[in-house]
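Encoded as structure tokens, the structure appears first; notes follow it.
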Amino acid sequence: MSDIPVDNRKIIEQLKEDFTNSLLVPRIRCLIVHGSSLFQEDGDGNSDIDLELVLAYHIRVDIDLVKEIIIKNKVKAECQVRYVNEITDDRGLILRTGYKIFMYFAYSNGITLIGDNIYVNLIKRLTGKMVKRSLLISIQLHFKDIRKTYLGGAPAEIVNKNIERFLFDVCLYLGLIDYRKLGTKNVFEAEKRCCIEELLKRFGGCLGDNDIRTLKLFGRKKERGQFCAEMFEVINKIMSLI
């Protein structure tokens, strides 16, 4: 906890206390904090505290109890609520579909606030094939969402975020970034700069000069909150290459 930025650490400690004192605590298998709040202050007001809450079993008021804690603290926090059977049952939808199971590595590398980190053992059950399939699904979803948000008139920040996630997942899928290190500072920094260096090293010989310039331009425009329409062509080429 000592390495977390001071302001974020105060919020996280308060959230931990509130969950510990809540009616949920007898059923909390683990409460994990992960994501950008571990590494950077929320200077622009767009970041949030990412929590992963795993409960032993379900009762009707769970969601209301969690919501009460988040609202009480008046902070931007996202708390994903899961139950042990959802993430351990091989016949459950999560493992059958493989949806976002690569994020288990980010949770396993997070900071455990309450209980024991269930994901440390869960990732041992995931094969490389399972993780790559999950990443491929995520790539396709972000590819769709880039167009969907742009055509729907979403702000540049939202469209750019989908592009960033698309590029990041491509790098994870191709092994340019080690998915086992998800949630660590170095991987967070790579995602923040849109993995431009890694992509150019892998695809530089397949992309034209204009494509390479566009990739570099996207990184700069994203920092300024601007959209780079030329990225559509580059995204299409990368999608065809993988």
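We name chains A, B, ... following the order of the structure tokens; residues begin at 1 in each chain, and ligands are numbered from 1 as shown.
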*Quick one: everything within 10 Å of Ile63 in chain A, counting only C-alpha atoms, minus sequence neighbours fewer than 6 positions away in the same chain. Send it as a ChimeraX atom specification.*
/A:79-81
*Enumerate, as a ChimeraX atom specification, the complete set of residues in range 36-229 of chain A that a backbone-based DSSP assignment places in strand (DSSP E).*
/A:49-55,77-83,111-115
Please identify all polymer residues within 6 Å of Tyr83 in chain A, counting only C-alpha atoms, omitting same-chain residues fewer than 2 positions from it, and present them as a CSV table (one decimal) with C-alpha atoms, in the first residue's frame.
chain,number,residue,atom,x,y,z
A,54,VAL,CA,-15.7,-11.9,-4.6
A,55,LEU,CA,-18.4,-13.1,-2.2
A,56,ALA,CA,-18.9,-16.6,-0.9
A,57,TYR,CA,-22.5,-16.7,-2.0
A,85,ASN,CA,-19.2,-20.3,-8.0
A,86,GLU,CA,-19.3,-17.9,-11.0
_I'd like to know which of A:Leu200, A:Ile71, A:Asp48, A:Ala229 is closest to Leu151 in chain A, using only C-alpha atoms._
A:Ala229
*asked:* From the options A:Leu95, A:Glu198, A:Ile11, A:Ala156, which residue's atoms come nearest to Cys171 in chain A, counting only C-alpha atoms?
replied: A:Glu198
*Measuring atom to atom with only C-alpha atoms, identify which of A:Leu174, A:Ile158, A:Val33, A:Leu113 is nearest to Lys132 in chain A.*
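Closest candidate: A:Leu174.
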*Tell me which protein, DNA and RNA residues are within 7 Å of Phe102 in chain A, counting only C-alpha atoms, leaving out same-chain ones fewer than 4 positions away, and put them as a PyMOL selection string.*
chain A and resi 131+134-135
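The coordinates place CA of Val234 in chain A at 7.5 Å from CA of Leu215 in chain A.
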*If you measure from CA of Phe203 in chain A to CA of Val159 in chain A, what distance in Å do you get, rounded to one decimal?*
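Rounded to one decimal, the two atoms are 22.5 Å apart.
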*What lies within 8 Å of range 14-29 of chain A using only C-alpha atoms, ignoring chain neighbours under 2 positions off, as a PyMOL selection string?*
chain A and resi 10-12+31+53-57+62+65+69-70+73+84+113-118
*asked:* If I take CA of Ile137 in chain A and CA of Thr97 in chain A, how far is one from the other in Å, to one decimal?
replied: 9.2 Å
